[in-house]
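Student: My structure is stored as protein-v3.cif, with mmCIF, C-alpha atoms and all ligand atoms.
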data_model
#
loop_
_atom_site.label_atom_id
_atom_site.label_comp_id
_atom_site.auth_asym_id
_atom_site.auth_seq_id
_atom_site.Cartn_x
_atom_site.Cartn_y
_atom_site.Cartn_z
CA MET A 1 19.30 -23.14 -22.08
CA GLU A 2 18.11 -24.03 -25.58
CA TYR A 3 15.30 -21.47 -25.48
CA ILE A 4 17.52 -18.82 -23.92
CA ARG A 5 20.24 -19.42 -26.51
CA GLU A 6 17.71 -19.13 -29.30
CA ALA A 7 16.44 -15.84 -27.86
CA VAL A 8 19.98 -14.45 -27.78
CA ASP A 9 20.97 -15.85 -31.20
CA SER A 10 17.88 -14.36 -32.82
CA ASN A 11 18.40 -11.09 -30.92
CA TRP A 12 14.98 -11.29 -29.20
CA VAL A 13 16.45 -9.91 -25.97
CA ALA A 14 13.38 -7.84 -25.18
CA PRO A 15 10.12 -7.86 -23.21
CA LEU A 16 8.40 -9.50 -26.18
CA GLY A 17 9.25 -12.18 -28.73
CA PRO A 18 8.45 -15.78 -29.69
CA ASN A 19 9.17 -17.24 -26.23
CA VAL A 20 6.68 -14.81 -24.63
CA ASP A 21 4.05 -15.77 -27.21
CA GLU A 22 4.70 -19.45 -26.55
CA MET A 23 4.54 -18.92 -22.79
CA GLU A 24 1.10 -17.33 -23.18
CA ARG A 25 -0.03 -20.17 -25.45
CA LEU A 26 1.14 -22.75 -22.88
CA ALA A 27 -0.64 -20.93 -20.05
CA LYS A 28 -3.90 -20.99 -22.05
CA GLU A 29 -3.45 -24.61 -23.05
CA TYR A 30 -2.64 -25.75 -19.51
CA THR A 31 -5.30 -23.79 -17.63
CA GLY A 32 -8.02 -23.71 -20.30
CA ALA A 33 -8.30 -19.91 -20.01
CA LYS A 34 -9.27 -18.17 -23.27
CA ALA A 35 -6.68 -15.40 -23.04
CA ALA A 36 -3.35 -14.84 -21.26
CA LEU A 37 -0.85 -12.04 -20.77
CA ALA A 38 2.70 -12.78 -19.58
CA THR A 39 4.01 -10.19 -17.10
CA ASN A 40 7.27 -9.53 -15.28
CA SER A 41 5.78 -10.56 -11.90
CA GLY A 42 2.62 -11.87 -10.29
CA THR A 43 2.29 -8.55 -8.46
CA ALA A 44 2.32 -6.73 -11.82
CA ALA A 45 -0.43 -9.08 -13.06
CA ILE A 46 -2.60 -8.19 -10.03
CA HIS A 47 -1.90 -4.49 -10.56
CA LEU A 48 -2.81 -4.71 -14.26
CA ALA A 49 -6.03 -6.59 -13.44
CA LEU A 50 -7.10 -3.89 -10.98
CA ALA A 51 -6.17 -1.10 -13.40
CA THR A 52 -8.14 -2.86 -16.17
CA MET A 53 -11.11 -3.09 -13.79
CA GLU A 54 -10.69 0.68 -13.45
CA VAL A 55 -10.06 0.53 -9.72
CA GLY A 56 -9.04 4.02 -8.67
CA SER A 57 -8.88 6.58 -5.94
CA GLY A 58 -11.92 6.48 -3.64
CA ASP A 59 -12.75 2.87 -4.55
CA VAL A 60 -12.84 -0.05 -2.15
CA VAL A 61 -11.43 -3.50 -2.95
CA PHE A 62 -12.11 -6.55 -0.76
CA CYS A 63 -9.08 -8.77 -0.23
CA GLN A 64 -8.44 -11.99 1.65
CA SER A 65 -6.53 -11.09 4.81
CA PHE A 66 -4.64 -14.37 5.15
CA THR A 67 -2.15 -14.02 2.30
CA PHE A 68 1.21 -12.66 1.21
CA ILE A 69 1.23 -8.85 1.00
CA ALA A 70 1.55 -8.86 -2.82
CA SER A 71 -2.18 -9.70 -3.03
CA ALA A 72 -3.08 -6.40 -1.36
CA ASN A 73 -0.35 -3.90 -2.32
CA PRO A 74 -1.70 -3.21 -5.83
CA ILE A 75 -4.94 -1.95 -4.24
CA VAL A 76 -2.88 0.77 -2.61
CA TYR A 77 -0.90 1.40 -5.83
CA GLN A 78 -4.24 2.30 -7.46
CA GLY A 79 -5.12 4.72 -4.65
CA ALA A 80 -8.01 2.49 -3.51
CA THR A 81 -8.80 1.27 0.00
CA PRO A 82 -8.52 -2.39 1.00
CA VAL A 83 -11.12 -4.05 3.21
CA PHE A 84 -9.85 -7.33 4.57
CA ILE A 85 -11.90 -10.52 4.74
CA ASP A 86 -11.10 -13.40 7.12
CA SER A 87 -10.59 -17.05 6.15
CA GLU A 88 -12.72 -20.08 6.91
CA PRO A 89 -11.14 -23.11 8.59
CA ASP A 90 -11.55 -25.74 5.80
CA THR A 91 -9.49 -24.20 3.01
CA TRP A 92 -7.87 -21.33 4.99
CA ASN A 93 -9.11 -19.06 2.17
CA MET A 94 -11.78 -16.36 2.01
CA SER A 95 -14.73 -16.99 4.30
CA PRO A 96 -18.04 -16.79 2.39
CA GLU A 97 -19.67 -15.94 5.73
CA ALA A 98 -17.43 -12.90 6.28
CA LEU A 99 -17.74 -11.88 2.63
CA ARG A 100 -21.55 -11.99 2.87
CA ARG A 101 -21.53 -9.62 5.86
CA ALA A 102 -19.03 -7.29 4.19
CA LEU A 103 -21.11 -7.12 1.00
CA GLU A 104 -24.33 -6.54 2.93
CA ASP A 105 -22.74 -3.67 4.86
CA SER A 106 -21.21 -2.08 1.78
CA ALA A 107 -24.49 -2.36 -0.15
CA THR A 108 -26.24 -0.59 2.75
CA THR A 109 -23.76 2.28 2.71
CA GLY A 110 -23.62 2.43 -1.10
CA SER A 111 -19.90 1.60 -1.19
CA LEU A 112 -19.79 -1.75 -2.96
CA PRO A 113 -16.23 -2.88 -3.75
CA LYS A 114 -14.85 -2.56 -7.28
CA ALA A 115 -13.33 -6.07 -7.02
CA ILE A 116 -12.85 -9.00 -4.64
CA ILE A 117 -9.39 -10.60 -4.46
CA VAL A 118 -9.68 -14.26 -3.50
CA VAL A 119 -6.46 -16.19 -2.88
CA HIS A 120 -5.82 -19.94 -3.32
CA LEU A 121 -3.21 -20.10 -0.62
CA TYR A 122 -0.48 -22.74 -0.47
CA GLY A 123 -2.10 -24.44 -3.50
CA GLN A 124 -5.52 -25.05 -1.91
CA SER A 125 -8.49 -23.70 -3.84
CA ALA A 126 -10.95 -21.40 -2.07
CA LYS A 127 -14.67 -22.25 -1.87
CA MET A 128 -15.34 -20.69 -5.26
CA ASP A 129 -19.02 -21.61 -5.72
CA GLU A 130 -20.06 -19.85 -2.52
CA LEU A 131 -17.80 -16.85 -3.14
CA GLN A 132 -18.81 -16.49 -6.80
CA ALA A 133 -22.53 -16.68 -5.94
CA LEU A 134 -22.11 -13.80 -3.48
CA ALA A 135 -20.01 -11.75 -5.92
CA ASP A 136 -22.58 -12.31 -8.69
CA ALA A 137 -25.45 -11.31 -6.41
CA TYR A 138 -23.80 -7.90 -5.98
CA GLY A 139 -22.28 -7.67 -9.48
CA VAL A 140 -18.69 -7.47 -8.23
CA PRO A 141 -15.87 -9.16 -10.23
CA ILE A 142 -13.57 -11.69 -8.55
CA LEU A 143 -9.84 -11.57 -9.20
CA GLU A 144 -8.29 -14.92 -8.27
CA ASP A 145 -4.79 -14.70 -6.85
CA ALA A 146 -3.56 -18.13 -7.95
CA ALA A 147 0.11 -17.13 -7.52
CA GLU A 148 0.75 -20.23 -5.41
CA SER A 149 -1.78 -22.62 -6.94
CA LEU A 150 -0.85 -23.23 -10.59
CA GLY A 151 -2.20 -26.69 -11.46
CA ALA A 152 -4.61 -26.86 -8.50
CA THR A 153 -8.27 -27.35 -9.35
CA TYR A 154 -11.72 -26.65 -7.93
CA LYS A 155 -14.44 -29.05 -9.09
CA GLY A 156 -12.30 -29.88 -12.11
CA LYS A 157 -11.59 -26.26 -13.08
CA GLN A 158 -8.11 -24.77 -12.87
CA THR A 159 -7.75 -22.16 -10.15
CA GLY A 160 -7.32 -18.74 -11.73
CA THR A 161 -9.88 -19.43 -14.48
CA ILE A 162 -13.13 -19.30 -12.47
CA GLY A 163 -13.56 -15.60 -11.65
CA LYS A 164 -13.38 -12.59 -13.96
CA ALA A 165 -9.57 -12.90 -14.11
CA GLY A 166 -6.77 -14.79 -12.40
CA ILE A 167 -3.05 -14.41 -11.88
CA PHE A 168 -0.11 -16.78 -11.48
CA SER A 169 3.41 -16.11 -10.22
CA PHE A 170 6.61 -17.55 -11.66
CA ASN A 171 8.79 -16.13 -8.90
CA GLY A 172 11.81 -18.24 -7.98
CA ASN A 173 10.06 -19.90 -5.04
CA LYS A 174 6.95 -20.99 -6.98
CA ILE A 175 6.11 -24.44 -8.34
CA ILE A 176 7.58 -23.40 -11.70
CA THR A 177 9.61 -20.28 -12.32
CA THR A 178 10.87 -17.84 -14.94
CA SER A 179 13.26 -16.43 -12.28
CA GLY A 180 10.71 -13.63 -11.91
CA GLY A 181 7.45 -13.39 -13.81
CA GLY A 182 3.69 -13.74 -13.79
CA MET A 183 0.63 -14.34 -15.92
CA LEU A 184 -2.79 -12.73 -16.09
CA VAL A 185 -5.52 -14.98 -17.50
CA SER A 186 -9.20 -14.49 -18.25
CA ASN A 187 -11.97 -15.97 -20.35
CA ASP A 188 -12.71 -12.44 -21.49
CA SER A 189 -10.28 -11.79 -24.34
CA ALA A 190 -11.17 -8.08 -24.51
CA PHE A 191 -10.19 -7.74 -20.83
CA ILE A 192 -6.76 -9.26 -21.54
CA GLU A 193 -6.28 -7.01 -24.59
CA GLN A 194 -6.98 -3.94 -22.46
CA ALA A 195 -4.52 -5.20 -19.85
CA ARG A 196 -1.97 -5.85 -22.63
CA LYS A 197 -2.22 -2.24 -23.73
CA LEU A 198 -1.77 -0.98 -20.16
CA SER A 199 1.22 -3.31 -19.70
CA THR A 200 3.16 -1.58 -22.50
CA GLN A 201 2.76 2.08 -21.46
CA ALA A 202 -0.79 2.28 -22.90
CA LYS A 203 0.39 3.24 -26.38
CA GLU A 204 -2.44 4.19 -28.72
CA VAL A 205 -2.50 3.16 -32.36
CA ALA A 206 -0.91 6.22 -34.01
CA PRO A 207 2.19 6.95 -36.13
CA TYR A 208 3.77 8.64 -33.07
CA TYR A 209 3.73 8.00 -29.28
CA LEU A 210 0.24 8.83 -28.13
CA HIS A 211 -1.02 7.98 -24.63
CA GLU A 212 -4.54 8.63 -23.40
CA LYS A 213 -3.93 6.76 -20.15
CA ASN A 214 -0.95 6.20 -17.88
CA GLY A 215 0.24 2.65 -18.40
CA PHE A 216 3.00 0.44 -17.03
CA ASN A 217 6.08 -1.43 -18.19
CA TYR A 218 5.03 -4.88 -17.00
CA ARG A 219 5.81 -7.36 -19.81
CA MET A 220 7.75 -10.58 -19.35
CA SER A 221 11.15 -10.70 -21.01
CA ASN A 222 11.75 -13.13 -23.86
CA ILE A 223 14.71 -14.60 -21.95
CA SER A 224 12.61 -15.29 -18.82
CA ALA A 225 9.86 -16.77 -20.99
CA GLY A 226 12.42 -19.20 -22.41
CA ILE A 227 12.95 -20.56 -18.89
CA GLY A 228 9.18 -20.70 -18.39
CA ILE A 229 8.51 -22.76 -21.52
CA ALA A 230 10.86 -25.48 -20.29
CA GLN A 231 9.40 -25.22 -16.80
CA PHE A 232 5.86 -25.89 -18.05
CA GLY A 233 7.17 -29.27 -19.19
CA VAL A 234 8.08 -30.27 -15.63
CA LEU A 235 4.93 -28.89 -13.98
CA PRO A 236 2.95 -32.18 -13.90
CA SER A 237 5.83 -34.08 -12.28
CA ARG A 238 6.47 -31.22 -9.82
CA ILE A 239 2.86 -31.39 -8.67
CA LEU A 240 3.11 -35.16 -8.15
CA THR A 241 6.29 -34.68 -6.12
CA LYS A 242 4.68 -31.92 -4.00
CA ARG A 243 1.77 -34.28 -3.34
CA PHE A 244 4.18 -37.10 -2.46
CA ILE A 245 5.90 -34.80 0.08
CA PHE A 246 2.58 -33.87 1.67
CA ASP A 247 1.50 -37.54 1.81
CA TYR A 248 4.82 -38.52 3.37
CA TYR A 249 4.41 -35.97 6.17
CA THR A 250 0.74 -36.92 6.62
CA LYS A 251 1.53 -40.61 6.96
CA HIS A 252 4.32 -40.03 9.47
CA PHE A 253 2.41 -37.54 11.61
CA SER A 254 -0.88 -39.46 11.59
CA ALA A 255 -0.30 -40.75 15.12
CA ASN A 256 1.05 -37.46 16.48
CA PRO A 257 -1.82 -35.76 18.35
CA TYR A 258 -0.12 -32.34 18.23
CA VAL A 259 0.30 -32.13 14.45
CA GLU A 260 -2.59 -31.66 12.04
CA MET A 261 -1.66 -31.57 8.36
CA HIS A 262 -3.77 -29.21 6.23
CA ALA A 263 -5.39 -31.71 3.87
CA GLU A 264 -7.17 -30.75 0.66
CA MET A 265 -10.91 -30.07 0.67
CA VAL A 266 -13.21 -32.50 -1.16
CA GLN A 267 -13.72 -31.76 -4.86
CA THR A 268 -10.44 -29.88 -4.98
CA TYR A 269 -6.99 -30.92 -6.13
CA ASN A 270 -4.18 -29.23 -4.26
CA ASN A 271 -0.76 -28.65 -5.85
CA TYR A 272 0.60 -28.61 -2.26
CA TRP A 273 3.01 -25.81 -3.16
CA LEU A 274 3.93 -25.91 0.52
CA SER A 275 3.08 -28.63 3.04
CA THR A 276 1.35 -26.81 5.88
CA LEU A 277 0.02 -27.83 9.27
CA THR A 278 -1.37 -26.54 12.52
CA LEU A 279 -0.02 -27.46 15.94
CA HIS A 280 -2.10 -28.22 19.01
CA SER A 281 -0.78 -27.46 22.52
CA VAL A 282 2.69 -26.74 21.15
CA ASN A 283 4.19 -23.32 20.43
CA PRO A 284 5.15 -23.04 16.72
CA LYS A 285 7.94 -20.55 17.45
CA GLU A 286 9.61 -23.07 19.78
CA VAL A 287 9.20 -25.76 17.14
CA LEU A 288 10.80 -23.46 14.55
CA GLU A 289 13.77 -22.96 16.86
CA ALA A 290 14.10 -26.69 17.52
CA LEU A 291 14.10 -27.37 13.77
CA ALA A 292 16.53 -24.51 13.08
CA ALA A 293 18.92 -26.02 15.63
CA GLN A 294 19.08 -29.02 13.30
CA GLN A 295 19.60 -26.87 10.18
CA ILE A 296 15.99 -27.35 9.07
CA GLU A 297 14.18 -24.25 7.90
CA ALA A 298 10.45 -24.12 8.50
CA ARG A 299 8.29 -20.98 8.45
CA LEU A 300 5.29 -19.59 10.27
CA LEU A 301 2.15 -19.16 8.15
CA TRP A 302 1.40 -15.74 6.59
CA LYS A 303 0.72 -12.97 9.09
CA PRO A 304 -2.78 -11.67 8.24
CA MET A 305 -2.94 -8.36 6.38
CA HIS A 306 -5.36 -6.76 8.86
CA THR A 307 -2.66 -7.17 11.53
CA GLN A 308 0.13 -5.61 9.43
CA PRO A 309 1.25 -2.15 10.58
CA CYS A 310 1.06 -0.80 7.01
CA PHE A 311 -2.66 -1.66 6.90
CA ALA A 312 -3.51 -0.37 10.39
CA GLY A 313 -6.99 1.13 10.47
CA CYS A 314 -8.34 -0.90 7.52
CA THR A 315 -11.76 -2.48 7.97
CA PHE A 316 -11.77 -6.24 8.62
CA TYR A 317 -14.56 -8.81 8.62
CA ALA A 318 -14.01 -11.92 10.76
CA HIS A 319 -15.38 -15.35 9.90
CA GLU A 320 -17.39 -15.34 13.14
CA GLU A 321 -18.15 -11.99 14.67
CA THR A 322 -17.58 -13.07 18.27
CA ALA A 323 -14.65 -15.49 17.89
CA THR A 324 -10.92 -15.00 17.30
CA PRO A 325 -10.47 -14.56 13.53
CA VAL A 326 -9.53 -17.79 11.75
CA SER A 327 -6.56 -16.08 10.05
CA GLU A 328 -5.18 -15.02 13.45
CA GLN A 329 -5.60 -18.54 14.84
CA LEU A 330 -3.76 -19.94 11.83
CA PHE A 331 -0.91 -17.48 12.23
CA ALA A 332 -0.66 -18.38 15.94
CA THR A 333 -0.63 -22.15 15.42
CA GLY A 334 0.57 -22.96 11.90
CA LEU A 335 3.78 -23.92 10.14
CA CYS A 336 5.07 -24.51 6.60
CA LEU A 337 7.42 -27.46 6.36
CA PRO A 338 10.30 -27.84 3.89
CA SER A 339 8.55 -28.76 0.64
CA THR A 340 10.99 -28.33 -2.19
CA THR A 341 10.69 -30.93 -4.96
CA SER A 342 14.43 -31.67 -4.84
CA MET A 343 14.15 -33.11 -1.30
CA THR A 344 15.29 -36.71 -0.92
CA GLU A 345 13.43 -39.26 1.14
CA SER A 346 16.19 -39.23 3.74
CA GLU A 347 15.82 -35.45 4.05
CA LEU A 348 12.08 -35.85 4.51
CA LYS A 349 12.77 -38.46 7.18
CA ARG A 350 15.09 -36.04 8.95
CA VAL A 351 12.37 -33.37 9.01
CA VAL A 352 9.85 -35.88 10.36
CA GLU A 353 12.19 -37.00 13.13
CA ALA A 354 13.02 -33.44 14.12
CA LEU A 355 9.36 -32.43 14.26
CA GLN A 356 8.37 -35.55 16.21
CA LEU A 357 11.10 -34.74 18.74
CA ALA A 358 10.06 -31.10 18.96
CA THR A 359 6.40 -31.89 19.53
CA LEU A 360 6.26 -35.21 21.38
CA GLY A 361 7.65 -36.25 24.73
CA VAL A 362 10.28 -38.96 24.48
CA GLN A 363 7.89 -41.60 25.82
CA GLU A 364 5.15 -40.70 23.32
CA LYS A 365 7.70 -40.85 20.53
CA ARG A 366 8.69 -44.38 21.55
CA GLU A 367 5.06 -45.49 21.52
CA ILE A 368 4.52 -44.10 18.03
CA GLU A 369 7.65 -45.84 16.75
CA VAL A 370 6.39 -49.16 18.21
C1 LIG A 401 -0.33 -15.18 -2.70
C2 LIG A 401 0.66 -14.43 -3.54
N1 LIG A 401 0.22 -13.40 -4.29
C3 LIG A 401 1.03 -12.71 -5.09
C4 LIG A 401 2.37 -13.02 -5.18
C5 LIG A 401 3.22 -12.14 -6.03
O1 LIG A 401 3.92 -12.78 -7.01
P1 LIG A 401 5.34 -12.19 -7.51
O2 LIG A 401 6.35 -12.50 -6.48
O3 LIG A 401 5.56 -12.93 -8.79
O4 LIG A 401 5.17 -10.73 -7.72
C6 LIG A 401 2.88 -14.10 -4.43
C7 LIG A 401 4.29 -14.54 -4.47
O5 LIG A 401 5.27 -13.94 -4.40
C8 LIG A 401 2.01 -14.82 -3.58
O6 LIG A 401 2.46 -15.82 -2.83
#
Would you give me this structure, written as structure tokens?

Tutor:
Amino acid sequence: MEYIREAVDSNWVAPLGPNVDEMERLAKEYTGAKAALATNSGTAAIHLALATMEVGSGDVVFCQSFTFIASANPIVYQGATPVFIDSEPDTWNMSPEALRRALEDSATTGSLPKAIIVVHLYGQSAKMDELQALADAYGVPILEDAAESLGATYKGKQTGTIGKAGIFSFNGNKIITTSGGGMLVSNDSAFIEQARKLSTQAKEVAPYYLHEKNGFNYRMSNISAGIGIAQFGVLPSRILTKRFIFDYYTKHFSANPYVEMHAEMVQTYNNYWLSTLTLHSVNPKEVLEALAAQQIEARLLWKPMHTQPCFAGCTFYAHEETATPVSEQLFATGLCLPSTTSMTESELKRVVEALQLATLGVQEKREIEV
């Protein structure tokens, strides 16, 4: 409220101002990225990154299939064609194996992608070393969609700062929020300055309104940034609470043979934006219904992009050519559990009990309790 009041009192009620500058400074300080641009959504940050990479009509962009649709929509906004890449089973993120095949094929046909969008889903970092080595071998930039993974690391580096550019989301459901907002970061300051120009209608330096390119109106408002500054202060404790929630579920489901929590990969630090799991021999839709009957909202995992009607006909590379795609298996067996940081321990206990009941027979449940 203090920052918002100050914005109003000083009449900085605009998509620029001191709070926006401070928000960008905090993003750089927290992530270690050299440059940052605050935007009015994570989707806008992805769109700006692709526009700055000069993705256009006739181009191809590779994108992780197992994600929220906002990762892929900006490809279409730019008139380019998405090619979807499956996940691997450890991190649930882009499969280096599938990416290798896709790059080999596109090099053969002379249609290398203009960019590769890798997602750090649910707060778990992708296998960046393997993916970056492949991207470098073909000279293709990686855009990291770290919308869900602010604060998560890969081998000590913040997700979003490893590839050519990265984006974060401050949508209301994210680990910290500005009500709606995003951030584009990069270690290439010139890249961010180009994106900044595009984000404000691509105005040229001239004593009148001169535009050589078509830009966007994608800047974060000074009011929203005021919320974000305060939110950065609670980020470390939010991450600890998210990790506590995941650990609580893990401990209580350790003896349940039907529930497998999605634990973080070695050398990564997960912000556990959502606690996720896969079920064995139990139908997730039935489990959702059983939880809903007790006023507990859980969700299925993301439905892969290559199975979405709006992307019908797009090329897709599976992790293993002859097996069911990993992303499809995850969608068929996975769940997100309630993970909000305001949950009390008794609420967590209620979720655990409901899920044990929905997955275990009564006898098995008794044995676990003993
Ligand atoms: C993986 C992923 N990418 C992109 C976005 C887009 O962010 P925003 O909602 O801020 O546009 C989101 C969240 O909404 C997301 O979860």

Student: Determine the nearest neighbour of Ala14 of chain A from the options A:Gly215, A:Gly139, A:Gly226, A:Gly110, counting all atoms listed in the file.

Tutor: A:Gly226

Student: Write out as a list of chain:residue names each polymer residue (protein, DNA or RNA) that has an atom no more than 6 Å from ligand LIG 401 (chain A), with all atoms listed in the file counted.

Tutor: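 If we count all atoms listed in the file, the neighbours of ligand LIG 401 (chain A) turn out to be A:Ser41, A:Gly42, A:Thr43, A:Thr67, A:Phe68, A:Ala70, A:Ser71, A:Asp145, A:Ala147, A:Glu148, A:Ser169, A:Phe170, A:Asn171, A:Gly181, A:Gly182.
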
Student: At a cut-off of 9 Å, can you tabulate as a tab-separated table every residue of segment 271-311 of chain A near segment 326-340 of chain A together with its closest atom pair and the distance in Å to one decimal, using all atoms listed in the file and ordering rows by chain then number?

Tutor:
residue	atom	partner	partner_atom	distance
A:Tyr272	CA	A:Ser339	CA	8.5
A:Trp273	CA	A:Ser339	CA	7.3
A:Leu274	CA	A:Ser339	CA	5.4
A:Ser275	CA	A:Leu337	CA	5.6
A:Thr276	CA	A:Cys336	CA	4.4
A:Leu277	CA	A:Leu335	CA	5.5
A:Thr278	CA	A:Gly334	CA	4.1
A:Leu279	CA	A:Thr333	CA	5.4
A:His280	CA	A:Thr333	CA	7.2
A:Ser281	CA	A:Thr333	CA	8.9
A:Val282	CA	A:Thr333	CA	8.1
A:Asn283	CA	A:Thr333	CA	7.0
A:Pro284	CA	A:Thr333	CA	6.0
A:Lys285	CA	A:Thr333	CA	9.0
A:Leu288	CA	A:Leu335	CA	8.3
A:Ile296	CA	A:Pro338	CA	7.7
A:Glu297	CA	A:Pro338	CA	6.6
A:Ala298	CA	A:Leu337	CA	5.0
A:Arg299	CA	A:Cys336	CA	5.1
A:Leu300	CA	A:Leu335	CA	4.6
A:Leu301	CA	A:Phe331	CA	5.4
A:Trp302	CA	A:Phe331	CA	6.3
A:Lys303	CA	A:Phe331	CA	5.7
A:Pro304	CA	A:Ser327	CA	6.1
A:Thr307	CA	A:Glu328	CA	8.5

Student: Considering only C-alpha atoms, state which residue in the set A:Pro89, A:Pro236, A:Gly160, A:Pro96 is at the smallest distance from Ala36 of chain A.

Tutor: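 Closest to Ala36 of chain A of all the choices is A:Gly160.
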
Student: Quick one: residues within 12 Å of Ala135 of chain A, all atoms listed in the file counted, chain neighbours fewer than 5 positions away excluded, as an MDAnalysis selection string?

Tutor: chainID A and resid 62 96 99:100 102:104 107 112:118 128:130 140:143 163:164

Student: In Å, how far is it from atom CA of Leu355 of chain A to atom CA of Phe246 of chain A?

Tutor: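 If I compute the distance from atom CA of Leu355 of chain A to atom CA of Phe246 of chain A, I get 14.4 Å.
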
Student: Step by step: start from the point (13.4, -23.5, -20.8) in the file's coordinates, keep every protein, DNA or RNA residue that has an atom no farther than 12 Å from it, count only C-alpha atoms, and write the set as a PDB file with C-alpha atoms, keeping the file's coordinate frame.

Tutor:
ATOM      1  CA  MET A   1      19.300 -23.140 -22.080  1.00  0.00           C
ATOM      2  CA  GLU A   2      18.110 -24.030 -25.580  1.00  0.00           C
ATOM      3  CA  TYR A   3      15.300 -21.470 -25.480  1.00  0.00           C
ATOM      4  CA  ILE A   4      17.520 -18.820 -23.920  1.00  0.00           C
ATOM      5  CA  ARG A   5      20.240 -19.420 -26.510  1.00  0.00           C
ATOM      6  CA  GLU A   6      17.710 -19.130 -29.300  1.00  0.00           C
ATOM      7  CA  ALA A   7      16.440 -15.840 -27.860  1.00  0.00           C
ATOM      8  CA  ASN A  19       9.170 -17.240 -26.230  1.00  0.00           C
ATOM      9  CA  VAL A  20       6.680 -14.810 -24.630  1.00  0.00           C
ATOM     10  CA  GLU A  22       4.700 -19.450 -26.550  1.00  0.00           C
ATOM     11  CA  MET A  23       4.540 -18.920 -22.790  1.00  0.00           C
ATOM     12  CA  ILE A 176       7.580 -23.400 -11.700  1.00  0.00           C
ATOM     13  CA  THR A 177       9.610 -20.280 -12.320  1.00  0.00           C
ATOM     14  CA  THR A 178      10.870 -17.840 -14.940  1.00  0.00           C
ATOM     15  CA  SER A 179      13.260 -16.430 -12.280  1.00  0.00           C
ATOM     16  CA  ASN A 222      11.750 -13.130 -23.860  1.00  0.00           C
ATOM     17  CA  ILE A 223      14.710 -14.600 -21.950  1.00  0.00           C
ATOM     18  CA  SER A 224      12.610 -15.290 -18.820  1.00  0.00           C
ATOM     19  CA  ALA A 225       9.860 -16.770 -20.990  1.00  0.00           C
ATOM     20  CA  GLY A 226      12.420 -19.200 -22.410  1.00  0.00           C
ATOM     21  CA  ILE A 227      12.950 -20.560 -18.890  1.00  0.00           C
ATOM     22  CA  GLY A 228       9.180 -20.700 -18.390  1.00  0.00           C
ATOM     23  CA  ILE A 229       8.510 -22.760 -21.520  1.00  0.00           C
ATOM     24  CA  ALA A 230      10.860 -25.480 -20.290  1.00  0.00           C
ATOM     25  CA  GLN A 231       9.400 -25.220 -16.800  1.00  0.00           C
ATOM     26  CA  PHE A 232       5.860 -25.890 -18.050  1.00  0.00           C
ATOM     27  CA  GLY A 233       7.170 -29.270 -19.190  1.00  0.00           C
ATOM     28  CA  VAL A 234       8.080 -30.270 -15.630  1.00  0.00           C
TER      29      VAL A 234
END

Student: For atom CA of Ser149 of chain A and atom CA of Ala98 of chain A, determine how far apart the two atoms are, in Å to one decimal place.

Tutor: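 We find that atom CA of Ser149 of chain A and atom CA of Ala98 of chain A lie 22.7 Å from each other.
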
Student: Name the closest residue to Glu88 of chain A among the candidates A:Ala318, A:Ile175, A:Val60, A:Ala49; distances are taken between atoms, counting all atoms listed in the file.

Tutor: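 Under the stated criterion, the closest residue is A:Ala318.
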
Student: When you count all atoms listed in the file, which of these residues is closest to Asn93 of chain A: A:Lys155, A:Arg25, A:His319, A:Arg196?

Tutor: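 Nearest candidate to Asn93 of chain A out of A:Lys155, A:Arg25, A:His319, A:Arg196: A:His319.
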
Student: For segment 75-81 of chain A, work out the shell of residues within 6 Å, counting all atoms listed in the file and skipping chain neighbours fewer than 4 positions away, then give it as a ChimeraX atom specification.

Tutor: /A:56-60

Student: Nearest to Ala146 of chain A among A:Phe311, A:Tyr122, A:Tyr209, A:Tyr248, with distances taken over only C-alpha atoms: which residue is it?

Tutor: A:Tyr122

Student: For a quick check of understanding, using all atoms listed in the file, which of A:Ala195, A:Ile46, A:Leu240, A:Cys314 has the smallest distance to Pro82 of chain A?

Tutor: A:Cys314
